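K.L.:
Pasting my_file31.json below, which is JSON, C-alpha atoms.
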```json
[["chain", "number", "residue", "atom", "x", "y", "z"],
["Q", 1, "MET", "CA", 9.57, -38.22, -32.64],
["Q", 2, "LYS", "CA", 9.12, -36.85, -29.12],
["Q", 3, "ASN", "CA", 6.36, -39.42, -28.48],
["Q", 4, "ILE", "CA", 8.33, -42.37, -29.87],
["Q", 5, "LEU", "CA", 11.46, -41.84, -27.73],
["Q", 6, "PRO", "CA", 9.80, -42.44, -24.32],
["Q", 7, "LEU", "CA", 8.14, -45.56, -25.71],
["Q", 8, "PHE", "CA", 11.49, -46.85, -26.96],
["Q", 9, "ILE", "CA", 13.10, -46.24, -23.55],
["Q", 10, "ALA", "CA", 10.28, -48.03, -21.75],
["Q", 11, "ILE", "CA", 10.59, -51.06, -24.03],
["Q", 12, "PHE", "CA", 14.37, -51.12, -23.50],
["Q", 13, "LEU", "CA", 14.04, -50.99, -19.71],
["Q", 14, "LEU", "CA", 11.37, -53.69, -19.67],
["Q", 15, "THR", "CA", 13.50, -55.98, -21.83],
["Q", 16, "SER", "CA", 16.54, -55.43, -19.61],
["Q", 17, "CYS", "CA", 14.61, -56.24, -16.41],
["Q", 18, "GLN", "CA", 13.28, -59.43, -17.90],
["Q", 19, "SER", "CA", 16.65, -60.65, -19.15],
["Q", 20, "LYS", "CA", 18.55, -60.20, -15.88],
["Q", 21, "PRO", "CA", 16.70, -62.89, -13.89],
["Q", 22, "ASN", "CA", 17.43, -65.40, -16.64],
["Q", 23, "ALA", "CA", 21.09, -64.50, -16.54],
["Q", 24, "VAL", "CA", 21.15, -64.87, -12.77],
["Q", 25, "LYS", "CA", 19.49, -68.30, -12.99],
["Q", 26, "LYS", "CA", 22.17, -69.45, -15.43],
["Q", 27, "GLU", "CA", 24.93, -68.21, -13.12],
["Q", 28, "VAL", "CA", 23.38, -69.98, -10.09],
["Q", 29, "ALA", "CA", 22.99, -73.23, -12.03],
["Q", 30, "PHE", "CA", 26.62, -73.03, -13.14],
["Q", 31, "ALA", "CA", 27.79, -72.35, -9.56],
["Q", 32, "GLU", "CA", 25.80, -75.33, -8.25],
["Q", 33, "LYS", "CA", 27.43, -77.61, -10.82],
["Q", 34, "GLU", "CA", 30.86, -76.37, -9.80],
["Q", 35, "VAL", "CA", 30.12, -76.98, -6.09],
["Q", 36, "LYS", "CA", 29.01, -80.53, -6.84],
["Q", 37, "LYS", "CA", 32.25, -81.11, -8.74],
["Q", 38, "GLU", "CA", 34.37, -79.77, -5.87],
["Q", 39, "THR", "CA", 32.52, -81.58, -3.04],
["Q", 40, "PRO", "CA", 32.19, -85.26, -3.95],
["Q", 41, "LYS", "CA", 29.88, -87.38, -1.81],
["Q", 42, "LYS", "CA", 31.58, -89.00, 1.17],
["Q", 43, "LYS", "CA", 32.15, -92.72, 0.94],
["Q", 44, "GLU", "CA", 30.08, -94.60, 3.53],
["Q", 45, "ALA", "CA", 31.60, -97.48, 5.45],
["Q", 46, "SER", "CA", 30.09, -100.91, 4.89],
["Q", 47, "PRO", "CA", 28.59, -102.86, 7.82],
["Q", 48, "GLU", "CA", 31.72, -105.01, 7.85],
["Q", 49, "GLU", "CA", 33.95, -101.93, 8.07],
["Q", 50, "ILE", "CA", 31.82, -100.43, 10.85],
["Q", 51, "LEU", "CA", 32.02, -103.62, 12.89],
["Q", 52, "LYS", "CA", 35.82, -103.65, 12.62],
["Q", 53, "LYS", "CA", 36.21, -100.18, 14.11],
["Q", 54, "PRO", "CA", 37.07, -99.91, 17.83],
["Q", 55, "GLU", "CA", 33.90, -99.38, 19.84],
["Q", 56, "VAL", "CA", 33.38, -96.24, 21.90],
["Q", 57, "PRO", "CA", 32.52, -96.83, 25.59],
["Q", 58, "ILE", "CA", 28.82, -96.01, 26.04],
["Q", 59, "LEU", "CA", 27.46, -95.95, 29.59],
["Q", 60, "CYS", "CA", 23.80, -96.39, 30.51],
["Q", 61, "TYR", "CA", 22.37, -94.98, 33.75],
["Q", 62, "HIS", "CA", 18.85, -95.37, 35.12],
["Q", 63, "ARG", "CA", 18.45, -94.18, 38.73],
["Q", 64, "ILE", "CA", 20.70, -91.79, 40.65],
["Q", 65, "ARG", "CA", 19.49, -92.26, 44.22],
["Q", 66, "ASN", "CA", 20.48, -93.67, 47.57],
["Q", 67, "ILE", "CA", 19.74, -97.33, 48.16],
["Q", 68, "LEU", "CA", 16.76, -98.02, 50.44],
["Q", 69, "PRO", "CA", 16.39, -101.01, 52.83],
["Q", 70, "SER", "CA", 13.33, -102.09, 50.86],
["Q", 71, "ASP", "CA", 15.19, -102.18, 47.52],
["Q", 72, "GLY", "CA", 15.42, -105.55, 45.80],
["Q", 73, "PRO", "CA", 18.45, -106.91, 43.92],
["Q", 74, "ASN", "CA", 17.47, -105.29, 40.60],
["Q", 75, "MET", "CA", 17.08, -101.83, 42.11],
["Q", 76, "LYS", "CA", 20.50, -102.14, 43.76],
["Q", 77, "VAL", "CA", 22.01, -102.79, 40.34],
["Q", 78, "TYR", "CA", 20.04, -100.09, 38.50],
["Q", 79, "SER", "CA", 20.58, -97.37, 41.14],
["Q", 80, "VAL", "CA", 23.84, -95.45, 41.41],
["Q", 81, "THR", "CA", 24.13, -93.23, 44.48],
["Q", 82, "PRO", "CA", 24.66, -89.49, 43.96],
["Q", 83, "ALA", "CA", 28.07, -89.76, 45.64],
["Q", 84, "ALA", "CA", 29.12, -92.64, 43.38],
["Q", 85, "PHE", "CA", 27.92, -90.82, 40.26],
["Q", 86, "ALA", "CA", 29.87, -87.71, 41.25],
["Q", 87, "GLU", "CA", 32.99, -89.80, 41.82],
["Q", 88, "GLN", "CA", 32.57, -91.55, 38.45],
["Q", 89, "MET", "CA", 32.30, -88.25, 36.56],
["Q", 90, "LYS", "CA", 35.34, -86.86, 38.35],
["Q", 91, "THR", "CA", 37.32, -90.03, 37.62],
["Q", 92, "LEU", "CA", 36.44, -89.89, 33.92],
["Q", 93, "SER", "CA", 37.58, -86.27, 33.79],
["Q", 94, "ASP", "CA", 40.77, -86.93, 35.77],
["Q", 95, "ASN", "CA", 41.65, -89.75, 33.38],
["Q", 96, "GLY", "CA", 41.29, -87.56, 30.30],
["Q", 97, "TYR", "CA", 37.94, -88.76, 28.95],
["Q", 98, "HIS", "CA", 35.81, -86.55, 26.71],
["Q", 99, "THR", "CA", 32.08, -87.04, 26.16],
["Q", 100, "ILE", "CA", 30.78, -87.37, 22.63],
["Q", 101, "LEU", "CA", 27.23, -87.29, 21.25],
["Q", 102, "PRO", "CA", 25.49, -89.56, 18.72],
["Q", 103, "ALA", "CA", 26.14, -87.33, 15.70],
["Q", 104, "GLN", "CA", 29.88, -87.58, 16.37],
["Q", 105, "LEU", "CA", 29.63, -91.33, 16.79],
["Q", 106, "LYS", "CA", 27.82, -91.72, 13.47],
["Q", 107, "GLU", "CA", 30.38, -89.52, 11.69],
["Q", 108, "TYR", "CA", 33.15, -91.73, 13.10],
["Q", 109, "LEU", "CA", 31.49, -95.03, 12.26],
["Q", 110, "VAL", "CA", 30.16, -94.17, 8.80],
["Q", 111, "TYR", "CA", 32.59, -91.58, 7.42],
["Q", 112, "GLY", "CA", 35.75, -92.06, 9.47],
["Q", 113, "GLY", "CA", 35.39, -88.80, 11.38],
["Q", 114, "LYS", "CA", 37.87, -88.04, 14.12],
["Q", 115, "LEU", "CA", 36.97, -88.41, 17.78],
["Q", 116, "PRO", "CA", 38.60, -86.74, 20.80],
["Q", 117, "SER", "CA", 41.12, -88.71, 22.79],
["Q", 118, "LYS", "CA", 39.47, -91.19, 25.14],
["Q", 119, "PRO", "CA", 35.88, -90.69, 23.97],
["Q", 120, "VAL", "CA", 32.94, -91.84, 26.09],
["Q", 121, "MET", "CA", 29.17, -91.46, 25.71],
["Q", 122, "ILE", "CA", 26.97, -91.05, 28.78],
["Q", 123, "THR", "CA", 23.32, -92.03, 28.36],
["Q", 124, "PHE", "CA", 20.27, -92.10, 30.61],
["Q", 125, "ASP", "CA", 17.07, -94.14, 30.21],
["Q", 126, "ASP", "CA", 13.51, -93.68, 31.51],
["Q", 127, "THR", "CA", 13.08, -89.90, 32.07],
["Q", 128, "ARG", "CA", 13.78, -89.77, 35.82],
["Q", 129, "GLU", "CA", 14.01, -86.23, 37.22],
["Q", 130, "GLU", "CA", 17.23, -86.92, 39.12],
["Q", 131, "GLN", "CA", 18.97, -87.50, 35.81],
["Q", 132, "LEU", "CA", 18.62, -83.75, 35.26],
["Q", 133, "SER", "CA", 18.90, -82.36, 38.78],
["Q", 134, "ILE", "CA", 21.82, -84.61, 39.81],
["Q", 135, "GLY", "CA", 23.20, -86.19, 36.63],
["Q", 136, "ALA", "CA", 23.31, -83.24, 34.24],
["Q", 137, "ALA", "CA", 24.32, -80.86, 37.03],
["Q", 138, "GLU", "CA", 27.30, -83.05, 37.99],
["Q", 139, "MET", "CA", 28.35, -83.55, 34.37],
["Q", 140, "LYS", "CA", 28.27, -79.80, 33.76],
["Q", 141, "LYS", "CA", 31.18, -79.36, 36.20],
["Q", 142, "TYR", "CA", 33.43, -81.12, 33.69],
["Q", 143, "GLY", "CA", 31.91, -79.85, 30.46],
["Q", 144, "PHE", "CA", 30.28, -83.24, 29.83],
["Q", 145, "LYS", "CA", 27.14, -83.66, 27.72],
["Q", 146, "GLY", "CA", 24.81, -86.65, 27.67],
["Q", 147, "VAL", "CA", 22.00, -88.41, 25.84],
["Q", 148, "PHE", "CA", 18.62, -88.69, 27.56],
["Q", 149, "PHE", "CA", 16.25, -91.37, 26.24],
["Q", 150, "ILE", "CA", 12.68, -90.44, 27.11],
["Q", 151, "MET", "CA", 9.64, -92.70, 27.46],
["Q", 152, "THR", "CA", 6.85, -90.28, 26.76],
["Q", 153, "ILE", "CA", 4.23, -91.83, 29.06],
["Q", 154, "SER", "CA", 6.25, -90.61, 32.04],
["Q", 155, "ILE", "CA", 6.55, -86.93, 31.06],
["Q", 156, "ASN", "CA", 5.16, -84.55, 33.74],
["Q", 157, "ARG", "CA", 4.51, -87.39, 36.20],
["Q", 158, "PRO", "CA", 5.79, -87.11, 39.80],
["Q", 159, "GLY", "CA", 9.47, -88.08, 39.96],
["Q", 160, "TYR", "CA", 9.91, -87.72, 36.21],
["Q", 161, "MET", "CA", 10.94, -84.82, 34.01],
["Q", 162, "THR", "CA", 8.55, -82.18, 32.77],
["Q", 163, "LYS", "CA", 8.35, -80.93, 29.19],
["Q", 164, "GLU", "CA", 10.19, -77.78, 30.26],
["Q", 165, "GLN", "CA", 13.03, -79.77, 31.84],
["Q", 166, "ILE", "CA", 13.42, -81.93, 28.75],
["Q", 167, "LYS", "CA", 13.63, -78.84, 26.58],
["Q", 168, "SER", "CA", 16.16, -77.26, 28.93],
["Q", 169, "LEU", "CA", 18.40, -80.32, 28.58],
["Q", 170, "SER", "CA", 18.22, -80.02, 24.80],
["Q", 171, "ASP", "CA", 18.79, -76.27, 24.81],
["Q", 172, "SER", "CA", 21.92, -76.69, 26.96],
["Q", 173, "GLY", "CA", 23.58, -78.98, 24.42],
["Q", 174, "ASN", "CA", 22.48, -82.43, 25.53],
["Q", 175, "VAL", "CA", 20.70, -84.82, 23.15],
["Q", 176, "ILE", "CA", 17.14, -86.06, 23.57],
["Q", 177, "GLY", "CA", 16.32, -89.51, 22.19],
["Q", 178, "ALA", "CA", 13.22, -91.72, 22.18],
["Q", 179, "HIS", "CA", 12.64, -94.71, 24.46],
["Q", 180, "THR", "CA", 9.12, -95.68, 23.31],
["Q", 181, "TRP", "CA", 5.82, -94.64, 24.87],
["Q", 182, "ASP", "CA", 5.58, -97.04, 27.83],
["Q", 183, "HIS", "CA", 8.73, -99.17, 27.73],
["Q", 184, "HIS", "CA", 7.25, -102.30, 26.12],
["Q", 185, "MET", "CA", 9.87, -104.39, 24.33],
["Q", 186, "VAL", "CA", 9.90, -104.07, 20.54],
["Q", 187, "THR", "CA", 9.96, -107.85, 20.14],
["Q", 188, "LYS", "CA", 6.32, -107.94, 21.27],
["Q", 189, "TYR", "CA", 4.90, -105.27, 18.96],
["Q", 190, "VAL", "CA", 2.11, -105.99, 16.49],
["Q", 191, "ASP", "CA", 0.27, -103.75, 14.03],
["Q", 192, "ALA", "CA", -0.61, -100.42, 15.69],
["Q", 193, "ASP", "CA", 2.09, -100.83, 18.35],
["Q", 194, "TRP", "CA", 4.69, -99.46, 15.97],
["Q", 195, "GLU", "CA", 2.85, -96.17, 15.64],
["Q", 196, "SER", "CA", 2.03, -95.80, 19.34],
["Q", 197, "GLN", "CA", 5.51, -96.84, 20.53],
["Q", 198, "LEU", "CA", 7.78, -95.36, 17.84],
["Q", 199, "THR", "CA", 5.99, -92.79, 15.67],
["Q", 200, "LYS", "CA", 3.91, -90.85, 18.22],
["Q", 201, "PRO", "CA", 6.70, -90.56, 20.85],
["Q", 202, "ASN", "CA", 9.02, -89.25, 18.13],
["Q", 203, "LYS", "CA", 6.54, -86.54, 17.12],
["Q", 204, "LYS", "CA", 5.76, -85.59, 20.72],
["Q", 205, "LEU", "CA", 9.42, -85.13, 21.61],
["Q", 206, "GLU", "CA", 10.02, -83.10, 18.45],
["Q", 207, "GLU", "CA", 7.20, -80.78, 19.49],
["Q", 208, "ILE", "CA", 8.75, -80.37, 22.93],
["Q", 209, "ILE", "CA", 12.33, -79.57, 21.91],
["Q", 210, "GLY", "CA", 11.76, -78.15, 18.41],
["Q", 211, "LYS", "CA", 14.37, -80.45, 16.87],
["Q", 212, "PRO", "CA", 14.30, -83.79, 15.01],
["Q", 213, "ILE", "CA", 14.48, -86.92, 17.18],
["Q", 214, "THR", "CA", 16.94, -89.23, 15.42],
["Q", 215, "TYR", "CA", 18.17, -91.60, 18.13],
["Q", 216, "PHE", "CA", 16.40, -94.49, 19.83],
["Q", 217, "ALA", "CA", 17.09, -96.86, 22.74],
["Q", 218, "TYR", "CA", 15.40, -100.27, 22.87],
["Q", 219, "PRO", "CA", 13.56, -100.92, 26.17],
["Q", 220, "ASP", "CA", 15.65, -103.33, 28.27],
["Q", 221, "GLY", "CA", 18.10, -103.35, 25.36],
["Q", 222, "VAL", "CA", 16.01, -106.11, 23.73],
["Q", 223, "TRP", "CA", 15.74, -106.10, 19.94],
["Q", 224, "ASN", "CA", 15.29, -108.32, 16.91],
["Q", 225, "THR", "CA", 15.94, -107.94, 13.20],
["Q", 226, "ALA", "CA", 12.22, -107.52, 12.47],
["Q", 227, "ALA", "CA", 12.17, -104.29, 14.49],
["Q", 228, "ILE", "CA", 15.01, -102.57, 12.66],
["Q", 229, "PRO", "CA", 13.05, -101.60, 9.50],
["Q", 230, "HIS", "CA", 10.39, -99.98, 11.69],
["Q", 231, "VAL", "CA", 13.05, -98.06, 13.62],
["Q", 232, "LYS", "CA", 14.57, -96.86, 10.35],
["Q", 233, "SER", "CA", 11.25, -95.84, 8.81],
["Q", 234, "ASN", "CA", 10.55, -93.58, 11.79],
["Q", 235, "GLY", "CA", 13.61, -91.47, 11.06],
["Q", 236, "TYR", "CA", 16.00, -92.85, 13.65],
["Q", 237, "GLN", "CA", 19.62, -92.81, 12.47],
["Q", 238, "LEU", "CA", 21.11, -94.80, 15.35],
["Q", 239, "ALA", "CA", 19.57, -97.24, 17.81],
["Q", 240, "PHE", "CA", 21.10, -98.44, 21.07],
["Q", 241, "ILE", "CA", 20.97, -101.86, 22.70],
["Q", 242, "LEU", "CA", 22.77, -103.05, 25.83],
["Q", 243, "SER", "CA", 25.66, -105.50, 25.97],
["Q", 244, "THR", "CA", 24.46, -108.17, 23.55],
["Q", 245, "LYS", "CA", 26.06, -108.77, 20.14],
["Q", 246, "ARG", "CA", 25.50, -106.28, 17.33],
["Q", 247, "ASP", "CA", 23.62, -107.09, 14.15],
["Q", 248, "LEU", "CA", 25.99, -107.97, 11.29],
["Q", 249, "THR", "CA", 23.82, -106.24, 8.68],
["Q", 250, "ASP", "CA", 22.68, -103.14, 10.62],
["Q", 251, "PRO", "CA", 25.31, -102.31, 13.25],
["Q", 252, "LEU", "CA", 24.14, -98.68, 13.41],
["Q", 253, "TYR", "CA", 20.83, -99.95, 14.81],
["Q", 254, "THR", "CA", 22.43, -102.20, 17.43],
["Q", 255, "ILE", "CA", 25.02, -100.00, 19.13],
["Q", 256, "ARG", "CA", 26.21, -101.51, 22.41],
["Q", 257, "ARG", "CA", 26.01, -99.89, 25.86],
["Q", 258, "ILE", "CA", 26.70, -101.16, 29.36],
["Q", 259, "ILE", "CA", 24.55, -100.53, 32.43],
["Q", 260, "VAL", "CA", 26.54, -98.84, 35.19],
["Q", 261, "ALA", "CA", 25.79, -101.01, 38.19],
["Q", 262, "GLY", "CA", 25.22, -99.53, 41.62],
["Q", 263, "THR", "CA", 27.32, -102.32, 43.10],
["Q", 264, "TRP", "CA", 30.53, -101.22, 41.34],
["Q", 265, "SER", "CA", 33.38, -99.49, 43.11],
["Q", 266, "THR", "CA", 35.08, -96.62, 41.28],
["Q", 267, "THR", "CA", 37.90, -99.02, 40.35],
["Q", 268, "GLY", "CA", 35.37, -101.53, 39.02],
["Q", 269, "PHE", "CA", 33.66, -98.76, 37.09],
["Q", 270, "MET", "CA", 36.86, -97.72, 35.32],
["Q", 271, "LYS", "CA", 37.76, -101.34, 34.61],
["Q", 272, "ALA", "CA", 34.38, -101.83, 32.91],
["Q", 273, "VAL", "CA", 34.82, -98.66, 30.84],
["Q", 274, "GLN", "CA", 38.23, -99.78, 29.64],
["Q", 275, "SER", "CA", 37.49, -103.47, 29.00],
["Q", 276, "SER", "CA", 33.87, -103.77, 27.87],
["Q", 277, "PHE", "CA", 34.36, -102.29, 24.40],
["Q", 278, "LYS", "CA", 36.79, -103.57, 21.81]]
```
Show the structure stored in the file as structure tokens.

P.N.:
Amino acid sequence: MKNILPLFIAIFLLTSCQSKPNAVKKEVAFAEKEVKKETPKKKEASPEEILKKPEVPILCYHRIRNILPSDGPNMKVYSVTPAAFAEQMKTLSDNGYHTILPAQLKEYLVYGGKLPSKPVMITFDDTREEQLSIGAAEMKKYGFKGVFFIMTISINRPGYMTKEQIKSLSDSGNVIGAHTWDHHMVTKYVDADWESQLTKPNKKLEEIIGKPITYFAYPDGVWNTAAIPHVKSNGYQLAFILSTKRDLTDPLYTIRRIIVAGTWSTTGFMKAVQSSFK
């Protein structure tokens, strides 16, 4: 009898230990079912519904530098002086504007998420170093955050951002997006171009910042419907053009921006912000 009792206890304990995990699994499965019941999937807006929503002003900057005597007409348009940029940021703040980022824009367009009063998105193309040292520094004074679209061929080159600077922008709350490898327009891609211009830059930027890269800006704002499936398949959730018309089927992949011209006065700048998006 003395020998049987310990054996009985051991069998009882073993059986109890084995049954508890099964009970826990059942409880977890039940809880998951209840959560699914209580949190129904959000209804997504159709392309037609997205196109009907008021657009958010989205600004596109390239150079922040003083104009040189040797600059041609294009450079005068694409270059905003440091003084003008500072005045534009101050004017936006004084007029009650709040910067938003792409995730907020998508939530608004697709799920009807709320935006702050007077939203604006500030974006930068082409990886120039002054976008960090002048642009981000000036924006920080007003609590503004921006989106920086990087062409990966330029990383670590003189006058362009380094890997460390790109990561610092991301770590401080700004968003890093892709702008292809070497700025060739997507309308000219064939075969392996899609991997070299979309896939590899995406992976490289993810390695640099340690986060997914889910936003893309078309070089020169030029796009066509044939490019959109390739942009989607590379994990991009939104893609940005310039001031041309949006695609009726895929408006999330043709989001409009305007280039801030270096020839604008502050009054002209604010007029463009208020009138260019409907």

K.L.:
Hey, can you pull every residue with an atom no more than 10 Å from (16.6, -96.0, 49.6), using all atoms listed in the file, and send it as a PyMOL selection string?

P.N.:
chain Q and resi 65-71+75-76+79+81

K.L.:
Counting only C-alpha atoms, which of Q:Glu130, Q:Asp94, Q:Glu87, Q:Glu107 gets nearest to Leu252 in chain Q?

P.N.:
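Ranked by minimum distance to Leu252 in chain Q, first place goes to Q:Glu107.
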
K.L.:
Just the residues within 7 Å of Asp182 in chain Q, please, counting only C-alpha atoms, with nothing from its chain fewer than 2 positions along; format it as JSON, numbers by chain.

P.N.:
{"Q": [151, 152, 153, 180, 184]}

K.L.:
Quote the spacing between CA of Ala136 in chain Q and CA of Ile100 in chain Q in Å to one decimal place.

P.N.:
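Between CA of Ala136 in chain Q and CA of Ile100 in chain Q the gap is 14.4 Å.
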
K.L.:
List the spatial neighbours of Gln197 in chain Q as a short mmCIF file (atom, residue, chain, number, x, y, z; two decimals) with C-alpha atoms, in the frame of the given file - criterion: any atom at most 10 Å away, only C-alpha atoms, same-chain residues fewer than 2 positions off excluded.

P.N.:
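See part35.cif below for the written result:
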```
data_model
loop_
_atom_site.label_atom_id
_atom_site.label_comp_id
_atom_site.auth_asym_id
_atom_site.auth_seq_id
_atom_site.Cartn_x
_atom_site.Cartn_y
_atom_site.Cartn_z
CA MET Q 151 9.64 -92.70 27.46
CA THR Q 152 6.85 -90.28 26.76
CA ILE Q 153 4.23 -91.83 29.06
CA ALA Q 178 13.22 -91.72 22.18
CA HIS Q 179 12.64 -94.71 24.46
CA THR Q 180 9.12 -95.68 23.31
CA TRP Q 181 5.82 -94.64 24.87
CA ASP Q 182 5.58 -97.04 27.83
CA HIS Q 183 8.73 -99.17 27.73
CA HIS Q 184 7.25 -102.30 26.12
CA MET Q 185 9.87 -104.39 24.33
CA VAL Q 186 9.90 -104.07 20.54
CA TYR Q 189 4.90 -105.27 18.96
CA ALA Q 192 -0.61 -100.42 15.69
CA ASP Q 193 2.09 -100.83 18.35
CA TRP Q 194 4.69 -99.46 15.97
CA GLU Q 195 2.85 -96.17 15.64
CA THR Q 199 5.99 -92.79 15.67
CA LYS Q 200 3.91 -90.85 18.22
CA PRO Q 201 6.70 -90.56 20.85
CA ASN Q 202 9.02 -89.25 18.13
#
```

K.L.:
Which one of Q:Leu205, Q:Leu92, Q:Gln274, Q:Cys60 sits closest to Tyr218 in chain Q if you count only C-alpha atoms?

P.N.:
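Looking only at the distances to Tyr218 in chain Q, the closest residue turns out to be Q:Cys60.
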
K.L.:
Nearest to Pro251 in chain Q among Q:Asn156, Q:Gln165, Q:Lys43, Q:Lys52, with distances taken over all atoms listed in the file: which residue is it?

P.N.:
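For Pro251 in chain Q, the nearest of the given residues is Q:Lys52.
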
K.L.:
For Val56 in chain Q, find every residue with an atom within 10 Å (counting all atoms listed in the file), except residues of its own chain fewer than 4 positions away, and show them as a list in words.

P.N.:
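Surrounding residues, per the criterion: Ile100, Leu105, Tyr108, Leu109, Leu115, Lys118, Pro119, Val120, Met121, Ile255, Arg256, Arg257, Val273, Gln274, Ser276, Phe277 and Lys278 of chain Q.
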
K.L.:
Enter the distance from CA of Ser265 in chain Q to CA of Leu101 in chain Q, in Å, rounded to one decimal.

P.N.:
25.8 Å

K.L.:
How many Å lie between CA of Pro82 in chain Q and CA of Ile134 in chain Q, rounded to one decimal?

P.N.:
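Computing the Euclidean distance for CA of Pro82 in chain Q and CA of Ile134 in chain Q yields 7.0 Å.
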
K.L.:
Counting all atoms listed in the file, which of Q:Glu129, Q:Gly173, Q:Thr187, Q:Ile259 gets nearest to Tyr160 in chain Q?

P.N.:
Q:Glu129

K.L.:
Give me, as a list of chain:residue names, all polymer residues having an atom no more than 12 Å from Lys140 in chain Q, counting all atoms listed in the file and skipping those fewer than 6 positions away in the same chain.

P.N.:
Q:Ala86, Q:Met89, Q:Lys90, Q:Ser93, Q:Thr99, Q:Leu132, Q:Ser133, Q:Ile134, Q:Gly146, Q:Leu169, Q:Ser172, Q:Gly173, Q:Asn174

K.L.:
Taking all atoms listed in the file into account, name the residue in Q:Glu44, Q:Asp220, Q:Asp126, Q:Glu164 that is nearest to Val147 in chain Q.

P.N.:
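Comparing Q:Glu44, Q:Asp220, Q:Asp126, Q:Glu164 against Val147 in chain Q, the winner is Q:Asp126.
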
K.L.:
Please determine an axis-aligned box that encloses all atoms of range 139-156 of chain Q listed in the file, with 4 Å added on each side, and express its centre and edge lengths in Å to one decimal as JSON.

P.N.:
```
{"center_x": 18.8, "center_y": -86.0, "center_z": 31.0, "size_x": 37.2, "size_y": 21.3, "size_z": 18.4}
```

K.L.:
Hey, what's within 12 Å of Asp191 in chain Q if we count all atoms listed in the file and toss same-chain stuff fewer than 6 positions away? As a compact mmCIF listing (two decimals) with C-alpha atoms, in the coordinates of the input, please?

P.N.:
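Result written to selection24.txt:
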```txt
# COMPACT_ATOMS: atom_id res chain seq x y z
CA GLN Q 197 5.51 -96.84 20.53
CA LEU Q 198 7.78 -95.36 17.84
CA ALA Q 227 12.17 -104.29 14.49
CA HIS Q 230 10.39 -99.98 11.69
```

K.L.:
What would range 80-84 of chain Q look like with all heavy atoms restored, written as a PDB file, in the coordinates of the input?

P.N.:
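The result, stored in rebuild-v4.pdb:
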```pdb
ATOM      1  N   VAL Q  80      22.516 -95.925  41.052  1.00  0.00           N
ATOM      2  CA  VAL Q  80      23.840 -95.450  41.410  1.00  0.00           C
ATOM      3  C   VAL Q  80      23.640 -94.282  42.381  1.00  0.00           C
ATOM      4  O   VAL Q  80      22.842 -93.379  42.114  1.00  0.00           O
ATOM      5  CB  VAL Q  80      24.612 -94.966  40.158  1.00  0.00           C
ATOM      6  CG1 VAL Q  80      25.932 -94.317  40.547  1.00  0.00           C
ATOM      7  CG2 VAL Q  80      24.848 -96.131  39.211  1.00  0.00           C
ATOM      8  N   THR Q  81      24.326 -94.298  43.503  1.00  0.00           N
ATOM      9  CA  THR Q  81      24.130 -93.230  44.480  1.00  0.00           C
ATOM     10  C   THR Q  81      24.672 -91.915  43.929  1.00  0.00           C
ATOM     11  O   THR Q  81      25.584 -91.905  43.082  1.00  0.00           O
ATOM     12  CB  THR Q  81      24.849 -93.541  45.804  1.00  0.00           C
ATOM     13  OG1 THR Q  81      26.269 -93.523  45.585  1.00  0.00           O
ATOM     14  CG2 THR Q  81      24.420 -94.889  46.365  1.00  0.00           C
ATOM     15  N   PRO Q  82      24.134 -90.777  44.399  1.00  0.00           N
ATOM     16  CA  PRO Q  82      24.660 -89.490  43.960  1.00  0.00           C
ATOM     17  C   PRO Q  82      26.165 -89.350  44.205  1.00  0.00           C
ATOM     18  O   PRO Q  82      26.883 -88.802  43.365  1.00  0.00           O
ATOM     19  CB  PRO Q  82      23.862 -88.482  44.800  1.00  0.00           C
ATOM     20  CG  PRO Q  82      22.564 -89.175  45.060  1.00  0.00           C
ATOM     21  CD  PRO Q  82      22.933 -90.623  45.247  1.00  0.00           C
ATOM     22  N   ALA Q  83      26.631 -89.854  45.338  1.00  0.00           N
ATOM     23  CA  ALA Q  83      28.070 -89.760  45.640  1.00  0.00           C
ATOM     24  C   ALA Q  83      28.889 -90.587  44.650  1.00  0.00           C
ATOM     25  O   ALA Q  83      29.950 -90.138  44.181  1.00  0.00           O
ATOM     26  CB  ALA Q  83      28.326 -90.236  47.067  1.00  0.00           C
ATOM     27  N   ALA Q  84      28.403 -91.797  44.323  1.00  0.00           N
ATOM     28  CA  ALA Q  84      29.120 -92.640  43.380  1.00  0.00           C
ATOM     29  C   ALA Q  84      29.121 -92.027  41.983  1.00  0.00           C
ATOM     30  O   ALA Q  84      30.148 -92.048  41.274  1.00  0.00           O
ATOM     31  CB  ALA Q  84      28.498 -94.039  43.337  1.00  0.00           C
TER      32      ALA Q  84
END
```
